[in-house]
Amino acid sequence: MDIRVQAEPFDAGAELNTFSAGLQDSGAVVSFTGIVRDVAPGLKAMEIEHYPSMTAKAIKAIAGEAQTRWALNNVLVIHRYGLLAPGAPIMMVATASSHRSAAFAAADFLMDYLKSRAPFWKKEIMRDGQSTWVDAKATDEDALNRWSATSDSDT
Amino acid sequence: MIDVVYFAWVRERIGLPQEQIETKAKTVMDLVNELRAKEPRYDAAFADISALRVAVDQELADFDAPLAGAREIAFFPPMTGG
């Protein structure tokens with residue numbers, strides 16, 4: 001398990017290559033990269049605040065839960081904080097497993113939980129000077145509920 | 001003494017990131033009520049508890065969680081990671 005919480009940018013391609021190297025037992029690697037998306041009328045930056053003494057611990061618990069549910073050979077989570085420009089990578093997850101269904105499901109699970117249970121808060125700073133905190137969506141909570149309903153039927 | 005920390009718009013509305021509070025509150029909700037009685041800016045920040053989340057010693061908790069032995073209570077809006 002490799003968990004990183006950092007202000008610095010990362011190279012998603014290089015990270016994926018490193019993650020995938022030497023995984024002879026894994027037939028499947030799935031990765032997701034989240035990118036700062038521009039929004040109307042023009043995003044200057046996304047500011048990501050976090051809870052330093054809790055963040056890595058919370059992510060480790062989420063990744064640990066994924067390892068309990070699926071047979072994963074490795075898990076990577078990188079999540080940034082601070083001021084990020086449109087187009088910049090915010091975070092990535094990667095999962096390695098023997099078969100693709102577990103790798104896909106675990107990556108999906110990690111994304112749902114990182115969105116609503118890891119202590120990060122996004123603020124959109126617009127070019128016109130306005131700034132607003134991004135609201136959590138009801139659909140984010142719904143996304144979590146589906147994991148308690150289906151458990152680990154697709155390992 | 002207990003450390004109370006605030007994040008995102010809760011921090012902005014209260015106007016500080018962290019403070020130490022002398023309290024005899026037995027639960028998170030007791031602490032919320034003490035804070036609300038303190039000043040209007042706290043009352044405003046805690047007006048809608050359903051819009052808030054709480055962590056006790058860096059673990060997500062409920063508002064009826066006991067404070068016995070707790071060192072740090074954090075209040076924040078629902079998280080928006082990913």
# chains A, B, ... in the order shown; residues from 1 in each chain; ligands from 1

$ select_by_dssp --residues "chain B" --states "strand (DSSP E or B)" --output "VMD selection string"
chain B and resid 2 to 6 18 to 21 27 53 to 56 59 to 61 66 72 to 76

$ interface_residues --of "chain A" --to "chain B" --cutoff "9 Å" --atoms "only C-alpha atoms" --output "number ranges by chain"
A: 34, 48-51, 53-55, 57-58, 79, 90-92, 111-123, 133-137

$ atom_distance --atom1 "atom CA of Asp108 of chain A" --atom2 "atom CA of Ile35 of chain A"
16.2 Å

$ residues_around --residues "segment 12-28 of chain B" --least-positions-apart "5" --cutoff "7 Å" --atoms "only C-alpha atoms" --output "tab-separated table (two decimals) with N, CA, C and O atoms, in the first residue's frame"
chain	number	residue	atom	x	y	z
B	1	MET	N	-9.04	21.01	29.16
B	1	MET	CA	-8.88	21.75	27.90
B	1	MET	C	-8.99	20.79	26.72
B	1	MET	O	-8.49	19.68	26.77
B	2	ILE	N	-9.63	21.28	25.68
B	2	ILE	CA	-9.80	20.46	24.49
B	2	ILE	C	-9.45	21.33	23.28
B	2	ILE	O	-9.72	22.53	23.27
B	3	ASP	N	-8.78	20.74	22.29
B	3	ASP	CA	-8.48	21.48	21.06
B	3	ASP	C	-9.67	21.35	20.12
B	3	ASP	O	-10.14	20.24	19.87
B	4	VAL	N	-10.13	22.49	19.62
B	4	VAL	CA	-11.24	22.47	18.66
B	4	VAL	C	-10.71	23.06	17.36
B	4	VAL	O	-10.12	24.14	17.36
B	5	VAL	N	-10.87	22.32	16.27
B	5	VAL	CA	-10.37	22.78	14.98
B	5	VAL	C	-11.52	22.88	13.98
B	5	VAL	O	-12.50	22.13	14.06
B	6	TYR	N	-11.37	23.82	13.06
B	6	TYR	CA	-12.43	24.09	12.07
B	6	TYR	C	-11.83	24.08	10.67
B	6	TYR	O	-10.71	24.53	10.46
B	7	PHE	N	-12.62	23.59	9.72
B	7	PHE	CA	-12.14	23.56	8.33
B	7	PHE	C	-13.18	24.16	7.38
B	7	PHE	O	-14.38	24.18	7.67
B	41	ARG	N	-21.30	34.46	15.85
B	41	ARG	CA	-20.64	33.80	14.70
B	41	ARG	C	-20.61	32.28	14.88
B	41	ARG	O	-20.70	31.52	13.92
B	42	TYR	N	-20.51	31.81	16.14
B	42	TYR	CA	-20.58	30.37	16.40
B	42	TYR	C	-22.01	29.88	16.17
B	42	TYR	O	-22.23	28.82	15.59
B	45	ALA	N	-22.51	29.50	12.54
B	45	ALA	CA	-21.78	28.38	11.94
B	45	ALA	C	-22.42	27.04	12.28
B	45	ALA	O	-22.41	26.12	11.47
B	63	PHE	N	-22.70	13.27	16.46
B	63	PHE	CA	-22.82	14.41	17.38
B	63	PHE	C	-23.17	13.97	18.80
B	63	PHE	O	-22.97	14.73	19.73
B	64	ASP	N	-23.63	12.73	18.97
B	64	ASP	CA	-23.88	12.27	20.34
B	64	ASP	C	-22.67	11.51	20.91
B	64	ASP	O	-22.76	10.93	21.99
B	65	ALA	N	-21.54	11.55	20.21
B	65	ALA	CA	-20.33	10.86	20.70
B	65	ALA	C	-19.86	11.49	22.01
B	65	ALA	O	-19.90	12.72	22.17
B	66	PRO	N	-19.40	10.65	22.96
B	66	PRO	CA	-18.89	11.18	24.23
B	66	PRO	C	-17.53	11.87	24.04
B	66	PRO	O	-16.77	11.51	23.15
B	67	LEU	N	-17.26	12.86	24.90
B	67	LEU	CA	-15.98	13.59	24.80
B	67	LEU	C	-14.96	13.12	25.83
B	67	LEU	O	-13.83	13.60	25.84
B	68	ALA	N	-15.33	12.17	26.68
B	68	ALA	CA	-14.41	11.72	27.74
B	68	ALA	C	-13.09	11.27	27.14
B	68	ALA	O	-13.07	10.39	26.27

$ residues_around --residues "segment 66-70 of chain A" --least-positions-apart "3" --cutoff "10 Å" --atoms "only C-alpha atoms" --output "PyMOL selection string"
chain A and resi 1+60-63+73-75+95+97+101-103+105-110+113+151-155

$ closest_residue --among "A:Val77, A:Val36, A:Met46, A:Thr18" --to "Val5 of chain A" --atoms "only C-alpha atoms"
A:Val77

$ select_by_dssp --residues "chain B" --states "helix (DSSP H, G or I)" --output "list in words"
Ala8, Trp9, Val10, Arg11, Glu12, Arg13, Ile14, Val28, Met29, Asp30, Leu31, Val32, Asn33, Glu34, Leu35, Arg36, Ala37, Lys38, Pro40, Arg41, Tyr42, Asp43, Ala44, Ala45, Ile49, Ser50 and Ala51 of chain B

$ residues_around --residues "Asp11 of chain A" --least-positions-apart "4" --cutoff "9 Å" --atoms "only C-alpha atoms" --output "list of chain:residue names"
A:Glu15, A:Leu16, A:Pro89
